[in-house]
Amino acid sequence: MTATDPTAADPGTQADLRLHVDALAEAGRGAGVFDDHHPPSDELISDCVHCGFCLPTCPTYALWGEEMDSPRGRIYLMKLGKEGAVEMDDTYAQHFDACLGCMACVTACPSGVQYDQLIEAVRPQLERNHRRGLLDRLFRGLIFSLFPYPSRLRVAAVLGELYRRLGLRSLAHRTGAVRLLPRRLQAVEALMPPAKLRHLATRTPAVTPAVGTMRRRVGFLTGCVQRVFFADVNQATVRVLTAEGCEVVAPPTQRCCGALSEHAGREPEALDRARALIDAFAEVEVDTIVANVAGCGSTLKEYGRMLRDDAVYAERAAAFSAKVRDVSELLAELGPVAPRHPIEARVAYHDACHLGHAQGVRSQPREVLGTIPGLQVTDIPEAEICCGSAGIYNLVNPEPAEELGRRKVEHVLSVAPDALATANPGCLLQIRRYWPGDLPMFHPVELLDASIRGVDPVTARGGRGRPSLDARTAEPGTF
Ligand code: SF4
Ligand code: SF4
């Protein structure tokens, strides 16, 4: 299946579209459902010519075959919302809540429809103008009271480790008690990553000098979940950047970049976080700002758009965004100077949606991995379809996320890798949740770091045993 072959899957018909629209329009109230603060633009909506080329790459259309859960259908719903032909009720909101924001449709669209800008306009409208159910509001409140705060995440990590090490987790799974939890809390329980307690006290140094001649002075975004649960990825990033001649500056005052809030339509919160991060990096003079989390990097590149109405920050935000690079982009641009040691392994590379689709960064991670002698980098079938992680999607929409996670795992298994590499912690956790066994998983920069240091990362993480397709019925969370 390719992104540009409209015959690869049934693209739906205009009659289907009309049928769904008529049903929704029955509840129409004759006035636009959006307020005046950046509603989805008529011009962008009218760019869609309803050709259906995007449909085969849309995960929700792939799962359900429903026109209104496709990019084309959602754009049509936006049009109806602007015309006042529908109400902003639960059904209307659900079609947008079901969208993963993976932006595969942006990659696939031959007409250049900017669905990313459209959905990013709709989500804050829903947050402002649609009242969710009480449990939904409480659950989302819990997520946003925890994830953007590394200090609270550290407490959660310690509790999670106690839950594991005291045998409570295995007891809950053995007795089936975990299945008594609501599905969303089951997802939280299953996705909570193991924490290395020694990493909880680790902080990225404010300044790490370049090894040898300095080629670039870079600012480094340490992330929230990343700095708590994936501190080793941050350490590897700093080692690789310095080995390649970068002085790495990590402002200690930096906080959450606002990516999760932005992707969930929590606009005021996202903008406050963006302003604070711009201020934090204003304290240091850097040529480039580096992110090693795909979802965060794509939001940093959007600060210019997000703060376009802010008289004080608009210009600074645009300048900030212009400096942002994913770590693989920077490394590919600089070219290698540090000697590499061979890693004899077959690694499946998973394109994180917010790196591949949202940032268009596909060749650079492969190019960077290609500098490692002996490493065989393999693509995964149906690579354009999201794994179901998508920020908080797998927590708030656990059922479709599970279907997508299992589907991704089958495709990874089909290429029989020794290890998996991807540049987003959410993807690592999602794929690991459904993986039947212990697949060593890496951020690409960890493989580069291992090659520069001369260690075998796959064996070090207990790899070399390849689970077979027969193992794919394993229960979620049994890794
Ligand atoms: S979003 Fe693009 S690919 Fe999809 S139906 Fe519209 S014009 Fe066609
Ligand atoms: S962003 Fe992803 S889930 Fe949403 S409409 Fe586009 S392809 Fe479908």
# chains A, B, ... in the order shown; residues from 1 in each chain; ligands from 1
>>> residues_near_ligand(ligand="ligand 2", cutoff="9 Å", atoms="only C-alpha atoms and all ligand atoms", output="NGL selection string")
:A and (54-62 or 69-75 or 96 or 98-108 or 115-116 or 119 or 353 or 385-386)
>>> closest_atom_pairs(of="range 387-442 of chain A", to="range 262-273 of chain A", cutoff="12 Å", atoms="only C-alpha atoms", output="JSON lines")
{"residue": "A:Ala390", "atom": "CA", "partner": "A:His263", "partner_atom": "CA", "distance": 9.1}
{"residue": "A:Gly391", "atom": "CA", "partner": "A:His263", "partner_atom": "CA", "distance": 7.5}
{"residue": "A:Ile392", "atom": "CA", "partner": "A:Ala264", "partner_atom": "CA", "distance": 8.2}
{"residue": "A:Tyr393", "atom": "CA", "partner": "A:Ala264", "partner_atom": "CA", "distance": 9.3}
{"residue": "A:Val396", "atom": "CA", "partner": "A:Ala264", "partner_atom": "CA", "distance": 10.8}
>>> write_last_selection(atoms="all heavy atoms", output="mmCIF file, in the first residue's frame")
data_model
loop_
_atom_site.group_PDB
_atom_site.id
_atom_site.type_symbol
_atom_site.label_atom_id
_atom_site.label_comp_id
_atom_site.auth_asym_id
_atom_site.auth_seq_id
_atom_site.Cartn_x
_atom_site.Cartn_y
_atom_site.Cartn_z
ATOM 1 N N ALA A 390 0.841 8.353 19.650
ATOM 2 C CA ALA A 390 0.271 9.683 19.355
ATOM 3 C C ALA A 390 0.015 10.541 20.587
ATOM 4 O O ALA A 390 -1.120 10.912 20.878
ATOM 5 C CB ALA A 390 -1.015 9.516 18.529
ATOM 6 N N GLY A 391 1.066 10.845 21.316
ATOM 7 C CA GLY A 391 0.915 11.714 22.494
ATOM 8 C C GLY A 391 0.141 10.997 23.581
ATOM 9 O O GLY A 391 0.568 9.965 24.085
ATOM 10 N N ILE A 392 -1.034 11.523 23.918
ATOM 11 C CA ILE A 392 -1.851 10.874 24.967
ATOM 12 C C ILE A 392 -2.935 9.993 24.353
ATOM 13 O O ILE A 392 -3.822 9.511 25.058
ATOM 14 C CB ILE A 392 -2.490 11.920 25.913
ATOM 15 C CG1 ILE A 392 -3.459 12.836 25.143
ATOM 16 C CG2 ILE A 392 -1.439 12.730 26.641
ATOM 17 C CD1 ILE A 392 -4.349 13.657 26.074
ATOM 18 N N TYR A 393 -2.867 9.762 23.039
ATOM 19 C CA TYR A 393 -3.943 9.029 22.358
ATOM 20 C C TYR A 393 -4.138 7.632 22.948
ATOM 21 O O TYR A 393 -5.264 7.183 23.162
ATOM 22 C CB TYR A 393 -3.636 8.927 20.863
ATOM 23 C CG TYR A 393 -4.791 8.416 20.024
ATOM 24 C CD1 TYR A 393 -5.720 9.300 19.495
ATOM 25 C CD2 TYR A 393 -4.950 7.060 19.747
ATOM 26 C CE1 TYR A 393 -6.787 8.856 18.713
ATOM 27 C CE2 TYR A 393 -6.011 6.603 18.983
ATOM 28 C CZ TYR A 393 -6.922 7.502 18.458
ATOM 29 O OH TYR A 393 -7.972 7.053 17.685
ATOM 30 N N VAL A 396 -6.150 7.961 26.182
ATOM 31 C CA VAL A 396 -7.561 8.372 26.141
ATOM 32 C C VAL A 396 -8.388 7.542 25.159
ATOM 33 O O VAL A 396 -9.612 7.509 25.253
ATOM 34 C CB VAL A 396 -7.711 9.890 25.823
ATOM 35 C CG1 VAL A 396 -7.145 10.738 26.944
ATOM 36 C CG2 VAL A 396 -7.078 10.255 24.505
#
>>> closest_atom_pairs(of="chain A", to="ligand 1", cutoff="6 Å", atoms="only C-alpha atoms and all ligand atoms", output="JSON lines")
{"residue": "A:Cys48", "atom": "CA", "partner": "ligand 1", "partner_atom_place_in_ligand_line": "6 (Fe)", "distance": 3.7}
{"residue": "A:Val49", "atom": "CA", "partner": "ligand 1", "partner_atom_place_in_ligand_line": "7 (S)", "distance": 4.4}
{"residue": "A:His50", "atom": "CA", "partner": "ligand 1", "partner_atom_place_in_ligand_line": "5 (S)", "distance": 3.7}
{"residue": "A:Cys51", "atom": "CA", "partner": "ligand 1", "partner_atom_place_in_ligand_line": "8 (Fe)", "distance": 3.8}
{"residue": "A:Gly52", "atom": "CA", "partner": "ligand 1", "partner_atom_place_in_ligand_line": "5 (S)", "distance": 3.9}
{"residue": "A:Phe53", "atom": "CA", "partner": "ligand 1", "partner_atom_place_in_ligand_line": "3 (S)", "distance": 4.1}
{"residue": "A:Cys54", "atom": "CA", "partner": "ligand 1", "partner_atom_place_in_ligand_line": "3 (S)", "distance": 4.1}
{"residue": "A:Pro71", "atom": "CA", "partner": "ligand 1", "partner_atom_place_in_ligand_line": "1 (S)", "distance": 5.8}
{"residue": "A:Arg72", "atom": "CA", "partner": "ligand 1", "partner_atom_place_in_ligand_line": "5 (S)", "distance": 4.6}
{"residue": "A:Cys109", "atom": "CA", "partner": "ligand 1", "partner_atom_place_in_ligand_line": "3 (S)", "distance": 3.7}
{"residue": "A:Pro110", "atom": "CA", "partner": "ligand 1", "partner_atom_place_in_ligand_line": "3 (S)", "distance": 5.9}
{"residue": "A:Ser111", "atom": "CA", "partner": "ligand 1", "partner_atom_place_in_ligand_line": "7 (S)", "distance": 5.2}
{"residue": "A:Val113", "atom": "CA", "partner": "ligand 1", "partner_atom_place_in_ligand_line": "2 (Fe)", "distance": 5.2}
>>> residues_around(residues="Met441 in chain A", least_positions_apart="3", cutoff="6 Å", atoms="only C-alpha atoms", output="PyMOL selection string")
chain A and resi 419-421
>>> residues_around(residues="range 205-221 of chain A", least_positions_apart="3", cutoff="7 Å", atoms="only C-alpha atoms", output="number ranges by chain")
A: 242-243, 245-252, 286-291
>>> atom_distance(atom1="CA of Phe144 in chain A", atom2="CA of Ile431 in chain A")
23.0 Å
>>> atom_distance(atom1="CA of Leu355 in chain A", atom2="CA of Gly295 in chain A")
7.3 Å
>>> closest_residue(among="A:Val238, A:Ala274, A:Cys387, A:Ala231", to="Ala318 in chain A", atoms="only C-alpha atoms")
A:Ala274
>>> residues_around(residues="Val122 in chain A", least_positions_apart="2", cutoff="9 Å", atoms="only C-alpha atoms", output="MDAnalysis selection string")
chainID A and resid 34 38:40 78 96 117:120 124:127 265
>>> write_last_selection(atoms="all heavy atoms", output="short mmCIF file (atom, residue, chain, number, x, y, z; two decimals), in the first residue's frame")
data_model
loop_
_atom_site.label_atom_id
_atom_site.label_comp_id
_atom_site.auth_asym_id
_atom_site.auth_seq_id
_atom_site.Cartn_x
_atom_site.Cartn_y
_atom_site.Cartn_z
N PHE A 34 -18.03 27.25 15.48
CA PHE A 34 -16.72 27.72 15.96
C PHE A 34 -16.82 29.18 16.40
O PHE A 34 -17.58 29.97 15.83
CB PHE A 34 -15.69 27.60 14.83
CG PHE A 34 -15.54 26.19 14.31
CD1 PHE A 34 -15.83 25.88 12.99
CD2 PHE A 34 -15.11 25.16 15.15
CE1 PHE A 34 -15.69 24.58 12.52
CE2 PHE A 34 -14.98 23.86 14.68
CZ PHE A 34 -15.27 23.56 13.36
N HIS A 38 -9.39 32.05 15.61
CA HIS A 38 -8.75 31.10 14.70
C HIS A 38 -9.59 29.85 14.42
O HIS A 38 -9.16 28.72 14.71
CB HIS A 38 -7.38 30.67 15.21
CG HIS A 38 -6.39 31.81 15.25
ND1 HIS A 38 -6.09 32.56 14.13
CD2 HIS A 38 -5.65 32.31 16.26
CE1 HIS A 38 -5.21 33.49 14.46
NE2 HIS A 38 -4.92 33.38 15.75
N PRO A 39 -10.78 30.02 13.86
CA PRO A 39 -11.51 28.82 13.42
C PRO A 39 -10.77 28.21 12.22
O PRO A 39 -9.90 28.88 11.63
CB PRO A 39 -12.86 29.39 12.98
CG PRO A 39 -12.57 30.81 12.60
CD PRO A 39 -11.46 31.27 13.49
N PRO A 40 -11.06 26.96 11.85
CA PRO A 40 -10.40 26.39 10.67
C PRO A 40 -10.67 27.27 9.45
O PRO A 40 -11.79 27.73 9.25
CB PRO A 40 -11.04 25.01 10.54
CG PRO A 40 -12.26 25.02 11.39
CD PRO A 40 -12.03 26.04 12.45
N MET A 78 -15.56 19.93 9.27
CA MET A 78 -15.16 21.31 9.60
C MET A 78 -15.99 22.30 8.78
O MET A 78 -16.47 23.31 9.28
CB MET A 78 -13.67 21.51 9.30
CG MET A 78 -12.73 20.72 10.17
SD MET A 78 -11.00 20.92 9.64
CE MET A 78 -10.26 19.47 10.39
N PHE A 96 -13.25 14.05 15.83
CA PHE A 96 -11.94 14.74 15.91
C PHE A 96 -11.08 14.16 17.02
O PHE A 96 -9.86 14.06 16.90
CB PHE A 96 -12.15 16.24 16.11
CG PHE A 96 -12.83 16.89 14.93
CD1 PHE A 96 -14.14 17.30 15.00
CD2 PHE A 96 -12.14 17.03 13.73
CE1 PHE A 96 -14.77 17.85 13.90
CE2 PHE A 96 -12.76 17.59 12.62
CZ PHE A 96 -14.08 18.00 12.70
N GLN A 117 -2.72 22.15 10.00
CA GLN A 117 -3.19 23.45 10.49
C GLN A 117 -4.69 23.42 10.78
O GLN A 117 -5.17 24.10 11.70
CB GLN A 117 -2.89 24.53 9.44
CG GLN A 117 -1.39 24.71 9.26
CD GLN A 117 -1.04 26.06 8.65
OE1 GLN A 117 -1.84 26.98 8.70
NE2 GLN A 117 0.14 26.13 8.08
N LEU A 118 -5.41 22.62 10.01
CA LEU A 118 -6.86 22.54 10.23
C LEU A 118 -7.17 21.88 11.56
O LEU A 118 -7.95 22.40 12.36
CB LEU A 118 -7.50 21.76 9.08
CG LEU A 118 -7.58 22.50 7.74
CD1 LEU A 118 -7.99 21.57 6.61
CD2 LEU A 118 -8.56 23.68 7.84
N ILE A 119 -6.56 20.73 11.82
CA ILE A 119 -6.89 20.02 13.07
C ILE A 119 -6.38 20.81 14.28
O ILE A 119 -7.00 20.82 15.34
CB ILE A 119 -6.36 18.55 13.07
CG1 ILE A 119 -6.90 17.75 14.25
CG2 ILE A 119 -4.84 18.49 13.07
CD1 ILE A 119 -8.36 17.43 14.18
N GLU A 120 -5.24 21.51 14.09
CA GLU A 120 -4.72 22.30 15.21
C GLU A 120 -5.60 23.52 15.48
O GLU A 120 -5.54 24.11 16.56
CB GLU A 120 -3.26 22.68 14.95
CG GLU A 120 -2.34 21.50 15.31
CD GLU A 120 -1.02 21.49 14.56
OE1 GLU A 120 -0.67 22.54 13.98
OE2 GLU A 120 -0.35 20.44 14.54
N PRO A 124 -8.47 23.35 19.77
CA PRO A 124 -8.77 24.37 20.81
C PRO A 124 -10.23 24.82 20.79
O PRO A 124 -10.79 25.15 21.83
CB PRO A 124 -7.85 25.55 20.44
CG PRO A 124 -6.81 24.98 19.54
CD PRO A 124 -7.44 23.82 18.84
N GLN A 125 -10.85 24.80 19.61
CA GLN A 125 -12.27 25.15 19.54
C GLN A 125 -13.10 24.15 20.34
O GLN A 125 -14.02 24.52 21.06
CB GLN A 125 -12.73 25.13 18.06
CG GLN A 125 -12.12 26.22 17.21
CD GLN A 125 -12.88 27.55 17.34
OE1 GLN A 125 -13.97 27.60 17.87
NE2 GLN A 125 -12.27 28.62 16.85
N LEU A 126 -12.75 22.86 20.21
CA LEU A 126 -13.47 21.83 20.97
C LEU A 126 -13.25 22.03 22.47
O LEU A 126 -14.17 21.90 23.27
CB LEU A 126 -13.00 20.43 20.56
CG LEU A 126 -13.41 19.95 19.16
CD1 LEU A 126 -12.72 18.64 18.83
CD2 LEU A 126 -14.92 19.78 19.07
N GLU A 127 -12.00 22.33 22.84
CA GLU A 127 -11.71 22.52 24.27
C GLU A 127 -12.50 23.70 24.84
O GLU A 127 -12.95 23.65 25.98
CB GLU A 127 -10.20 22.76 24.48
CG GLU A 127 -9.34 21.54 24.27
CD GLU A 127 -9.80 20.34 25.08
OE1 GLU A 127 -9.83 20.42 26.32
OE2 GLU A 127 -10.17 19.31 24.48
N GLY A 265 -5.13 20.54 22.21
CA GLY A 265 -5.98 21.73 22.06
C GLY A 265 -6.04 22.62 23.28
O GLY A 265 -6.87 23.53 23.35
#
>>> residues_around(residues="His350 in chain A", least_positions_apart="3", cutoff="7 Å", atoms="only C-alpha atoms", output="number ranges by chain")
A: 380, 383, 421-422
>>> residues_around(residues="Val361 in chain A", least_positions_apart="2", cutoff="10 Å", atoms="only C-alpha atoms", output="PDB file with N, CA, C and O atoms, in the first residue's frame")
ATOM      1  N   ALA A 294      10.500  13.343  18.967  1.00  0.00           N
ATOM      2  CA  ALA A 294       9.842  13.795  17.743  1.00  0.00           C
ATOM      3  C   ALA A 294       8.667  14.732  18.041  1.00  0.00           C
ATOM      4  O   ALA A 294       8.521  15.780  17.396  1.00  0.00           O
ATOM      5  N   ARG A 325      16.240  21.903  15.406  1.00  0.00           N
ATOM      6  CA  ARG A 325      16.564  20.734  14.571  1.00  0.00           C
ATOM      7  C   ARG A 325      16.350  19.466  15.399  1.00  0.00           C
ATOM      8  O   ARG A 325      16.684  19.432  16.586  1.00  0.00           O
ATOM      9  N   ASP A 326      15.847  18.433  14.752  1.00  0.00           N
ATOM     10  CA  ASP A 326      15.927  17.121  15.380  1.00  0.00           C
ATOM     11  C   ASP A 326      17.402  16.734  15.426  1.00  0.00           C
ATOM     12  O   ASP A 326      18.189  17.126  14.549  1.00  0.00           O
ATOM     13  N   SER A 328      18.905  14.119  14.619  1.00  0.00           N
ATOM     14  CA  SER A 328      19.382  13.448  13.396  1.00  0.00           C
ATOM     15  C   SER A 328      19.608  14.464  12.271  1.00  0.00           C
ATOM     16  O   SER A 328      20.533  14.317  11.465  1.00  0.00           O
ATOM     17  N   GLU A 329      18.776  15.503  12.228  1.00  0.00           N
ATOM     18  CA  GLU A 329      18.982  16.555  11.217  1.00  0.00           C
ATOM     19  C   GLU A 329      20.327  17.240  11.430  1.00  0.00           C
ATOM     20  O   GLU A 329      21.078  17.490  10.471  1.00  0.00           O
ATOM     21  N   ASP A 351       9.537   5.006  11.643  1.00  0.00           N
ATOM     22  CA  ASP A 351       9.398   6.463  11.517  1.00  0.00           C
ATOM     23  C   ASP A 351       8.331   6.941  12.499  1.00  0.00           C
ATOM     24  O   ASP A 351       7.141   6.657  12.309  1.00  0.00           O
ATOM     25  N   ALA A 352       8.733   7.691  13.523  1.00  0.00           N
ATOM     26  CA  ALA A 352       7.736   8.312  14.402  1.00  0.00           C
ATOM     27  C   ALA A 352       6.958   9.333  13.573  1.00  0.00           C
ATOM     28  O   ALA A 352       7.549  10.089  12.799  1.00  0.00           O
ATOM     29  N   CYS A 353       5.632   9.351  13.731  1.00  0.00           N
ATOM     30  CA  CYS A 353       4.809  10.241  12.882  1.00  0.00           C
ATOM     31  C   CYS A 353       5.229  11.700  13.013  1.00  0.00           C
ATOM     32  O   CYS A 353       5.256  12.438  12.030  1.00  0.00           O
ATOM     33  N   HIS A 354       5.551  12.124  14.243  1.00  0.00           N
ATOM     34  CA  HIS A 354       5.899  13.538  14.417  1.00  0.00           C
ATOM     35  C   HIS A 354       7.296  13.867  13.921  1.00  0.00           C
ATOM     36  O   HIS A 354       7.683  15.039  13.895  1.00  0.00           O
ATOM     37  N   LEU A 355       8.037  12.851  13.527  1.00  0.00           N
ATOM     38  CA  LEU A 355       9.314  13.122  12.862  1.00  0.00           C
ATOM     39  C   LEU A 355       9.136  13.010  11.344  1.00  0.00           C
ATOM     40  O   LEU A 355       9.467  13.926  10.601  1.00  0.00           O
ATOM     41  N   GLY A 356       8.564  11.879  10.906  1.00  0.00           N
ATOM     42  CA  GLY A 356       8.414  11.641   9.464  1.00  0.00           C
ATOM     43  C   GLY A 356       7.355  12.524   8.828  1.00  0.00           C
ATOM     44  O   GLY A 356       7.649  13.327   7.929  1.00  0.00           O
ATOM     45  N   HIS A 357       6.112  12.397   9.307  1.00  0.00           N
ATOM     46  CA  HIS A 357       5.014  13.146   8.682  1.00  0.00           C
ATOM     47  C   HIS A 357       5.022  14.626   9.079  1.00  0.00           C
ATOM     48  O   HIS A 357       4.843  15.496   8.232  1.00  0.00           O
ATOM     49  N   ALA A 358       5.179  14.908  10.372  1.00  0.00           N
ATOM     50  CA  ALA A 358       5.030  16.300  10.827  1.00  0.00           C
ATOM     51  C   ALA A 358       6.257  17.150  10.494  1.00  0.00           C
ATOM     52  O   ALA A 358       6.124  18.325  10.177  1.00  0.00           O
ATOM     53  N   GLN A 359       7.467  16.553  10.577  1.00  0.00           N
ATOM     54  CA  GLN A 359       8.675  17.349  10.320  1.00  0.00           C
ATOM     55  C   GLN A 359       9.324  17.014   8.979  1.00  0.00           C
ATOM     56  O   GLN A 359      10.278  17.680   8.575  1.00  0.00           O
ATOM     57  N   SER A 363      14.997  10.877   5.860  1.00  0.00           N
ATOM     58  CA  SER A 363      16.283  10.397   5.353  1.00  0.00           C
ATOM     59  C   SER A 363      17.391  10.567   6.398  1.00  0.00           C
ATOM     60  O   SER A 363      18.304   9.735   6.490  1.00  0.00           O
ATOM     61  N   GLN A 364      17.317  11.628   7.220  1.00  0.00           N
ATOM     62  CA  GLN A 364      18.444  11.921   8.121  1.00  0.00           C
ATOM     63  C   GLN A 364      18.705  10.831   9.165  1.00  0.00           C
ATOM     64  O   GLN A 364      19.867  10.452   9.360  1.00  0.00           O
ATOM     65  N   PRO A 365      17.657  10.288   9.852  1.00  0.00           N
ATOM     66  CA  PRO A 365      17.961   9.211  10.809  1.00  0.00           C
ATOM     67  C   PRO A 365      18.591   7.999  10.113  1.00  0.00           C
ATOM     68  O   PRO A 365      19.507   7.365  10.654  1.00  0.00           O
ATOM     69  N   ARG A 366      18.120   7.687   8.905  1.00  0.00           N
ATOM     70  CA  ARG A 366      18.686   6.551   8.165  1.00  0.00           C
ATOM     71  C   ARG A 366      20.125   6.858   7.750  1.00  0.00           C
ATOM     72  O   ARG A 366      20.998   5.993   7.800  1.00  0.00           O
TER      73      ARG A 366
END
>>> select_by_dssp(residues="range 414-466 of chain A", states="strand (DSSP E or B)", output="PyMOL selection string")
chain A and resi 419-421+441-442
>>> closest_residue(among="A:Gly370, A:Pro194, A:Gly388, A:Pro417", to="Pro440 in chain A", atoms="only C-alpha atoms")
A:Pro417
>>> atom_distance(atom1="CA of Leu44 in chain A", atom2="CA of Gly112 in chain A")
9.5 Å
>>> closest_residue(among="A:Leu448, A:Cys257, A:Ala319, A:Val377", to="Thr237 in chain A", atoms="only C-alpha atoms")
A:Leu448
>>> decode(residues="range 174-190 of chain A", atoms="N, CA, C and O atoms", output="PDB file, in the first residue's frame")
ATOM      1  N   ARG A 174      -1.531 -11.760  37.450  1.00  0.00           N
ATOM      2  CA  ARG A 174      -1.824 -13.196  37.657  1.00  0.00           C
ATOM      3  C   ARG A 174      -3.262 -13.421  38.082  1.00  0.00           C
ATOM      4  O   ARG A 174      -3.932 -14.328  37.618  1.00  0.00           O
ATOM      5  N   THR A 175      -3.733 -12.548  38.967  1.00  0.00           N
ATOM      6  CA  THR A 175      -5.083 -12.744  39.505  1.00  0.00           C
ATOM      7  C   THR A 175      -6.161 -12.129  38.607  1.00  0.00           C
ATOM      8  O   THR A 175      -7.351 -12.324  38.850  1.00  0.00           O
ATOM      9  N   GLY A 176      -5.733 -11.365  37.612  1.00  0.00           N
ATOM     10  CA  GLY A 176      -6.704 -10.712  36.733  1.00  0.00           C
ATOM     11  C   GLY A 176      -7.276  -9.435  37.335  1.00  0.00           C
ATOM     12  O   GLY A 176      -8.170  -8.806  36.753  1.00  0.00           O
ATOM     13  N   ALA A 177      -6.744  -9.020  38.506  1.00  0.00           N
ATOM     14  CA  ALA A 177      -7.284  -7.812  39.167  1.00  0.00           C
ATOM     15  C   ALA A 177      -7.118  -6.582  38.287  1.00  0.00           C
ATOM     16  O   ALA A 177      -7.952  -5.675  38.308  1.00  0.00           O
ATOM     17  N   VAL A 178      -6.065  -6.585  37.485  1.00  0.00           N
ATOM     18  CA  VAL A 178      -5.800  -5.407  36.647  1.00  0.00           C
ATOM     19  C   VAL A 178      -6.926  -5.177  35.644  1.00  0.00           C
ATOM     20  O   VAL A 178      -7.208  -4.052  35.246  1.00  0.00           O
ATOM     21  N   ARG A 179      -7.612  -6.284  35.295  1.00  0.00           N
ATOM     22  CA  ARG A 179      -8.695  -6.139  34.299  1.00  0.00           C
ATOM     23  C   ARG A 179      -9.953  -5.512  34.896  1.00  0.00           C
ATOM     24  O   ARG A 179     -10.890  -5.198  34.177  1.00  0.00           O
ATOM     25  N   LEU A 180      -9.966  -5.351  36.221  1.00  0.00           N
ATOM     26  CA  LEU A 180     -11.110  -4.694  36.850  1.00  0.00           C
ATOM     27  C   LEU A 180     -11.025  -3.172  36.715  1.00  0.00           C
ATOM     28  O   LEU A 180     -11.995  -2.459  36.929  1.00  0.00           O
ATOM     29  N   LEU A 181      -9.815  -2.700  36.367  1.00  0.00           N
ATOM     30  CA  LEU A 181      -9.652  -1.251  36.194  1.00  0.00           C
ATOM     31  C   LEU A 181     -10.354  -0.791  34.925  1.00  0.00           C
ATOM     32  O   LEU A 181     -10.475  -1.551  33.959  1.00  0.00           O
ATOM     33  N   PRO A 182     -10.814   0.484  34.877  1.00  0.00           N
ATOM     34  CA  PRO A 182     -11.304   1.029  33.611  1.00  0.00           C
ATOM     35  C   PRO A 182     -10.214   0.940  32.550  1.00  0.00           C
ATOM     36  O   PRO A 182      -9.023   0.978  32.877  1.00  0.00           O
ATOM     37  N   ARG A 183     -10.629   0.845  31.265  1.00  0.00           N
ATOM     38  CA  ARG A 183      -9.652   0.633  30.191  1.00  0.00           C
ATOM     39  C   ARG A 183      -8.558   1.697  30.174  1.00  0.00           C
ATOM     40  O   ARG A 183      -7.401   1.411  29.901  1.00  0.00           O
ATOM     41  N   ARG A 184      -8.933   2.930  30.451  1.00  0.00           N
ATOM     42  CA  ARG A 184      -7.916   3.986  30.399  1.00  0.00           C
ATOM     43  C   ARG A 184      -6.857   3.798  31.489  1.00  0.00           C
ATOM     44  O   ARG A 184      -5.673   4.024  31.252  1.00  0.00           O
ATOM     45  N   LEU A 185      -7.301   3.376  32.688  1.00  0.00           N
ATOM     46  CA  LEU A 185      -6.310   3.155  33.751  1.00  0.00           C
ATOM     47  C   LEU A 185      -5.486   1.898  33.475  1.00  0.00           C
ATOM     48  O   LEU A 185      -4.312   1.820  33.830  1.00  0.00           O
ATOM     49  N   GLN A 186      -6.104   0.908  32.815  1.00  0.00           N
ATOM     50  CA  GLN A 186      -5.309  -0.257  32.385  1.00  0.00           C
ATOM     51  C   GLN A 186      -4.195   0.191  31.445  1.00  0.00           C
ATOM     52  O   GLN A 186      -3.072  -0.312  31.505  1.00  0.00           O
ATOM     53  N   ALA A 187      -4.523   1.142  30.567  1.00  0.00           N
ATOM     54  CA  ALA A 187      -3.508   1.626  29.629  1.00  0.00           C
ATOM     55  C   ALA A 187      -2.384   2.342  30.375  1.00  0.00           C
ATOM     56  O   ALA A 187      -1.201   2.144  30.080  1.00  0.00           O
ATOM     57  N   VAL A 188      -2.749   3.151  31.378  1.00  0.00           N
ATOM     58  CA  VAL A 188      -1.720   3.841  32.172  1.00  0.00           C
ATOM     59  C   VAL A 188      -0.823   2.810  32.843  1.00  0.00           C
ATOM     60  O   VAL A 188       0.412   2.904  32.821  1.00  0.00           O
ATOM     61  N   GLU A 189      -1.440   1.785  33.433  1.00  0.00           N
ATOM     62  CA  GLU A 189      -0.684   0.749  34.151  1.00  0.00           C
ATOM     63  C   GLU A 189       0.272   0.017  33.221  1.00  0.00           C
ATOM     64  O   GLU A 189       1.426  -0.243  33.555  1.00  0.00           O
ATOM     65  N   ALA A 190      -0.226  -0.289  32.021  1.00  0.00           N
ATOM     66  CA  ALA A 190       0.592  -1.077  31.085  1.00  0.00           C
ATOM     67  C   ALA A 190       1.696  -0.245  30.452  1.00  0.00           C
ATOM     68  O   ALA A 190       2.758  -0.768  30.125  1.00  0.00           O
TER      69      ALA A 190
END
